[in-house]
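File shown: entry.txt (compact mmCIF, C-alpha atoms).
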```
# COMPACT_ATOMS: atom_id res chain seq x y z
CA MET O 1 83.72 4.83 16.03
CA CYS O 2 87.41 5.73 15.83
CA LYS O 3 87.93 5.07 19.52
CA TYR O 4 86.10 1.75 19.20
CA ALA O 5 88.37 0.77 16.33
CA LYS O 6 91.37 1.95 18.39
CA VAL O 7 92.54 4.33 15.65
CA HIS O 8 91.65 7.62 17.33
CA GLY O 9 95.33 8.35 18.04
CA HIS O 10 96.16 8.11 14.35
CA ILE O 11 93.54 10.69 13.48
CA THR O 12 94.34 13.09 16.31
CA GLY O 13 98.09 12.74 15.88
CA LYS O 14 98.60 11.30 19.36
CA SER O 15 99.88 8.06 17.88
CA ILE O 16 103.42 8.99 16.93
CA SER O 17 104.64 7.25 13.83
CA GLN O 18 107.92 5.73 12.99
CA ARG O 19 106.60 5.89 9.43
CA ASP O 20 109.44 4.14 7.70
CA GLU O 21 110.10 1.65 10.49
CA ASN O 22 106.68 0.64 11.77
CA GLU O 23 104.83 -1.54 9.28
CA ASP O 24 101.81 -2.03 11.58
CA TRP O 25 101.42 1.73 12.14
CA ASN O 26 101.61 2.35 8.38
CA ALA O 27 99.03 -0.39 7.65
CA ILE O 28 96.59 1.08 10.17
CA ASP O 29 97.14 4.58 8.86
CA LEU O 30 96.53 3.41 5.30
CA ARG O 31 93.25 1.73 6.32
CA ILE O 32 92.10 4.99 7.90
CA LYS O 33 93.07 6.95 4.78
CA LEU O 34 91.13 4.49 2.61
CA TRP O 35 88.14 4.99 4.89
CA PHE O 36 88.44 8.77 4.39
CA TYR O 37 88.77 8.26 0.63
CA SER O 38 85.57 6.22 0.57
CA MET O 39 83.66 8.92 2.45
CA TYR O 40 84.67 12.08 0.61
CA ASP O 41 84.19 13.28 -2.93
CA ALA O 42 87.14 12.52 -5.23
CA ASN O 43 87.41 16.17 -6.32
CA MET O 44 87.80 17.27 -2.72
CA LEU O 45 90.41 14.61 -2.06
CA HIS O 46 92.52 15.88 -4.96
CA ILE O 47 92.51 19.31 -3.36
CA ILE O 48 93.42 18.30 0.17
CA SER O 49 95.59 15.20 -0.05
CA ASN O 50 98.93 14.10 -1.39
CA ASP O 51 100.90 10.86 -1.41
CA ASP O 52 102.72 11.68 1.83
CA SER O 53 99.60 12.57 3.84
CA THR O 54 98.94 10.63 7.00
CA SER O 55 95.43 10.11 8.32
CA ASN O 56 96.17 12.89 10.81
CA ASP O 57 97.16 15.24 7.97
CA LEU O 58 93.91 14.46 6.16
CA TRP O 59 91.87 14.92 9.34
CA ASP O 60 93.50 18.29 10.09
CA THR O 61 92.92 19.43 6.50
CA PHE O 62 89.27 18.29 6.52
CA HIS O 63 88.76 19.99 9.87
CA ALA O 64 90.26 23.28 8.68
CA PHE O 65 88.36 23.11 5.38
CA PHE O 66 84.99 22.72 7.07
CA LEU O 67 85.71 25.18 9.87
CA ASN O 68 86.71 27.89 7.42
CA ASN O 69 83.16 28.18 6.13
CA LYS O 70 81.47 28.16 9.54
CA MET O 71 80.91 31.91 9.58
CA SER O 72 79.26 32.02 6.17
CA ARG O 73 77.20 28.92 7.03
CA MET O 74 76.15 30.51 10.33
CA LEU O 75 75.07 33.71 8.57
CA GLN O 76 73.12 31.74 5.98
CA LEU O 77 71.39 29.64 8.64
CA HIS O 78 70.49 32.74 10.69
CA GLU O 79 69.02 34.35 7.60
CA ASN O 80 67.04 31.20 6.81
CA PHE O 81 65.85 30.97 10.41
CA HIS O 82 64.57 34.56 10.45
CA ASN O 83 63.06 34.43 6.95
CA THR O 84 61.36 31.03 7.03
CA LYS O 85 57.61 31.39 6.66
CA GLN O 86 54.97 28.78 7.37
CA GLY O 87 53.45 29.13 3.92
CA SER O 88 51.48 26.05 2.96
CA SER O 89 53.30 23.70 5.32
CA SER O 90 51.56 22.36 8.39
CA ILE O 91 52.34 23.92 11.77
CA PRO O 92 54.24 20.80 12.95
CA ASP O 93 56.30 20.75 9.72
CA PHE O 94 57.00 24.47 10.07
CA CYS O 95 58.07 24.01 13.71
CA HIS O 96 60.34 21.13 12.72
CA SER O 97 61.92 23.26 9.99
CA LEU O 98 62.78 26.03 12.45
CA LYS O 99 63.96 23.53 15.07
CA ASN O 100 66.26 21.90 12.48
CA LEU O 101 67.71 25.30 11.55
CA ALA O 102 68.28 26.07 15.25
CA GLU O 103 70.05 22.72 15.71
CA ALA O 104 72.20 23.32 12.62
CA LEU O 105 73.28 26.63 14.13
CA VAL O 106 74.63 24.80 17.18
CA ASP O 107 77.07 23.03 14.81
CA CYS O 108 78.28 26.48 13.75
CA ILE O 109 78.86 27.47 17.37
CA SER O 110 75.84 29.73 17.38
CA GLN O 111 72.73 29.13 19.33
CA ILE O 112 69.07 30.03 19.13
CA ASP O 113 67.65 29.84 22.64
CA ASP O 114 64.24 28.32 23.28
CA VAL O 115 62.52 31.68 23.80
CA GLU O 116 63.81 32.98 20.46
CA LEU O 117 62.70 29.75 18.75
CA VAL O 118 59.19 29.96 20.22
CA MET O 119 58.91 33.67 19.37
CA GLN O 120 59.97 33.06 15.75
CA ILE O 121 57.36 30.31 15.43
CA LEU O 122 54.67 32.54 16.91
CA ARG O 123 55.59 35.50 14.68
CA GLN O 124 55.14 33.42 11.56
CA LEU O 125 51.80 31.85 12.38
CA PRO O 126 48.87 33.01 10.22
CA PRO O 127 46.40 35.64 11.49
CA SER O 128 43.85 32.91 12.24
CA HIS O 129 46.12 31.82 15.13
CA HIS O 130 46.59 35.26 16.74
CA SER O 131 44.40 34.41 19.74
CA ILE O 132 46.61 31.40 20.46
CA VAL O 133 49.72 33.55 19.99
CA ASP O 134 48.37 36.08 22.51
CA ALA O 135 47.59 33.32 25.02
CA ILE O 136 51.06 31.80 24.67
CA THR O 137 52.94 35.11 24.90
CA ASN O 138 51.04 36.00 28.07
CA THR O 139 51.67 32.64 29.73
CA LYS O 140 53.78 32.75 32.88
CA PRO O 141 56.29 31.20 32.85
CA PHE O 142 56.88 31.57 29.13
CA PRO O 143 56.89 28.17 27.44
```
Could you spell out this file's structure in structure tokens?
Amino acid sequence: MCKYAKVHGHITGKSISQRDENEDWNAIDLRIKLWFYSMYDANMLHIISNDDSTSNDLWDTFHAFFLNNKMSRMLQLHENFHNTKQGSSSIPDFCHSLKNLAEALVDCISQIDDVELVMQILRQLPPSHHSIVDAITNTKPFP
């Protein structure tokens, strides 16, 4: 979206400002900042912004803020992935839950491979499905 709007350079810092001299650059930067302000919680904005912030400053601060909790988020997602039980949910809903957790882990630069995902699903199926689990685990190649 930023590339389409031709403002990507403002956010990445590749568009060098002549802040006091370039009215057009300042107007574009202000529009981007207003866009950020409309997207983020006001309490967070008070923590990370000041009057002199450029859109690049805000972007760098947002980026650092959200990257700093990646490790704790990754650990939490791994724990959820390994502790999620089927319970009363349907098998498709249970599979979707684990798949969503696996996809969320990719955002934290961690990955659950397909074999691990399938094995976790199979481990959590109820005893009534053990014959299916045995058939799947003995399938060559493994699904």
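Using all atoms listed in the file, the residues found no farther than 7 Å from segment 66-77 of chain O, other than those of its own chain fewer than 6 positions away, are Leu101, Leu105 and Cys108 of chain O.
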Those selected residues, please, written with C-alpha atoms and delivered as a PDB file, keeping the file's coordinate frame.
```
ATOM      1  CA  LEU O 101      67.710  25.300  11.550  1.00  0.00           C
ATOM      2  CA  LEU O 105      73.280  26.630  14.130  1.00  0.00           C
ATOM      3  CA  CYS O 108      78.280  26.480  13.750  1.00  0.00           C
TER       4      CYS O 108
END
```
- Query: Can you list, as a ChimeraX atom specification, every protein, DNA or RNA residue that comes within 8 Å of segment 113-127 of chain O when you count all atoms listed in the file, leaving out same-chain residues fewer than 5 positions away?
  - Reply: /O:82,85-86,91,94-95,98-99,102,133,142-143
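Coordinates place atom CA of Thr54 of chain O at a distance of 10.3 Å from atom CA of Ile28 of chain O.
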- Message: Could you list, as a PyMOL selection string, every residue within 9 Å of segment 37-51 of chain O, counting all atoms listed in the file and ignoring same-chain residues fewer than 6 positions away?
- Response: chain O and resi 57-58+61-62+65
- Pick from O:Ser89, O:Asn26, O:Asn80, O:Thr12, whichever lies nearest to Trp59 of chain O using only C-alpha atoms: O:Thr12
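Remark: for Ser97 of chain O, the closest of the candidate residues O:Asn138, O:Asp60, O:Thr84, O:Met1 is O:Thr84 (distances computed over all atoms listed in the file).
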- Query: Taking all atoms listed in the file into account, which of O:Lys140, O:Ser55, O:His96, O:Arg31 comes nearest Gly13 of chain O?
  - Reply: O:Ser55
